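S.K.: Before anything else, here's the structure in question.
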Amino acid sequence: MRRYWIPQEFIQPDQVVISGDEYHHIFKVCRMTEGAKFELLVPGKAYFVEVLKVTKREGVAKIIEEREIEPLPNPPIHLYLAFSKWATMDNVVEKAVELGVSKITPFFSDYSFVSHPKKVSENKFERWNKIVVSATQQCGRGELMPINKAVSFENMVNQINQETSCLSLFFYEGHSQKSVKSYLQEVNSQNFREVALIVGSEGGFSDQECRYLEKHNIPSLSFGSQVLRVETACVALISIIKYEMILK
């Protein structure tokens with residue numbers, strides 16, 4: 001079934017009036033016509049509708065059915081991702097939405113694809129937000145995943161340490177103190193308000209950064225002997241966290 005994310009203000013008591021960019025996408029790009037049926041998403045709700053009328057500026061659809069969308073399960077997953085190649089960032093954003101990540105914070109590291117805020121234009125964030133909307137429509141989740149402003153490596157660590165009851169997982173392809181499996185077995189009985197996943201770029205982390213994380217009580221964890229691509233690591237790790245801590 002086709003799904004489209006729309007602003008809350010489009011919803012009226014018994015119908016939906018669609019205009020602006022959403023009108024263009026639904027009725028011009030996707031070519032929906034009178035009689036077409038699809039689902040419209042707003043925060044926390046989905047409306048199954050049938051198009052009654054399409055004019056040059058707006059489309060009117062009657063609401064056939066309304067349903068609640070369950071919120072994301074706890075604990076929320078916050079992905080801290082070092083800037084990777086742009087295509088990789090696009091892929092991770094899309095998969096993170098579909099896998100139920102609550103938010104993403106990009107950060108700059110010693111070996112990240114870009115190392116300064118001036119090299120990341122607002123157009124990149126606009127593109128990622130469009131990917132978020134598209135992926136949300138595809139999977140039908142009831143909220144848009146925010147992508148926070150980029151931060152430095154040090155600020156990223158400080159943000160994590162300021163969160164109370166936050167489980168921090170730092171994944172490193174080099175020498176690691178523990179495996180992901182053994183570490184999760186140790187902490188799984190505790191109640192965490194958030195899980196912070198720290199994933200590096202294609203270049204990984206420098207020795208100095210690893211020492212800095214360990215100094216701030218964020219141990220390095222191993223994901224096995226094979227070195228994974230950034231997007232593969234993100235998908236695998238998010239899935240493991242959901243299986244071990246959320247989907248019970």
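In the structure tokens, each chain is lettered A, B, ... as it comes, each chain's residues begin at 1, and ligands are numbered from 1 in order of appearance.
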Apply DSSP to the structure's backbone, then extract all residues of stretch 93-212 of chain A labelled strand (DSSP E or B) and return them as a list in words.
M.R.: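 Residues meeting the strand (DSSP E or B) criterion: Lys103, Ile104, Thr105, Pro106, Phe107, Phe108, Ile147, Val151, Ser152, Cys166, Leu167, Ser168, Leu169, Phe170, Phe171, Lys178, Ser179, Glu194, Val195, Ala196, Leu197, Ile198 and Val199 of chain A.
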S.K.: List as a list in words the protein and nucleic acid residues near A:Ser222, meaning an atom at most 12 Å away when only C-alpha atoms are counted, but skip any in the same chain fewer than 6 places from it.
M.R.: Leu169, Phe170, Phe171, Tyr172, Glu173, Gly174, His175, Ser176, Gln177, Lys178, Ser179, Val180, Lys181, Ser182, Tyr183, Leu184, Val199, Leu228, Ala233 and Leu237 of chain A
S.K.: Taking the DSSP assignment computed from this structure's backbone, write out as an MDAnalysis selection string all residues of stretch 52-137 of chain A that belong to helix (DSSP H, G or I).
M.R.: chainID A and resid 86:99 117:119 122:137
S.K.: Would you pick out the contacts of A:Glu231 at 8 Å or less, using only C-alpha atoms, so that residues sharing its chain but fewer than 2 positions from it are not included, and give the list as an mmCIF file with C-alpha atoms, in the first residue's frame?
M.R.:
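Okay, this is what ended up in part.cif:
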data_model
loop_
_atom_site.group_PDB
_atom_site.id
_atom_site.type_symbol
_atom_site.label_atom_id
_atom_site.label_comp_id
_atom_site.auth_asym_id
_atom_site.auth_seq_id
_atom_site.Cartn_x
_atom_site.Cartn_y
_atom_site.Cartn_z
ATOM 1 C CA THR A 88 27.222 5.566 2.774
ATOM 2 C CA MET A 89 25.569 8.243 4.900
ATOM 3 C CA ASN A 91 22.258 4.313 3.056
ATOM 4 C CA VAL A 92 22.713 4.377 6.821
ATOM 5 C CA ARG A 229 31.652 -1.725 5.832
ATOM 6 C CA ALA A 233 28.118 -2.635 10.659
ATOM 7 C CA CYS A 234 25.267 -0.223 11.426
ATOM 8 C CA VAL A 235 22.557 -2.590 10.195
#
S.K.: Could you pull the residues within 12 Å of A:Gln137, counting only C-alpha atoms, minus those fewer than 5 positions along the same chain, as a list in words?
M.R.: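 Here the answer would be Met1, Arg2, Arg3, Tyr4, Trp5, Ile6, Phe38, Glu39, Leu40, Leu41, Val42, Pro43, Ala46, Glu94, Val97, Glu98, Lys130, Ile131, Val132, Gly142, Glu143, Leu144 and Met145 of chain A.
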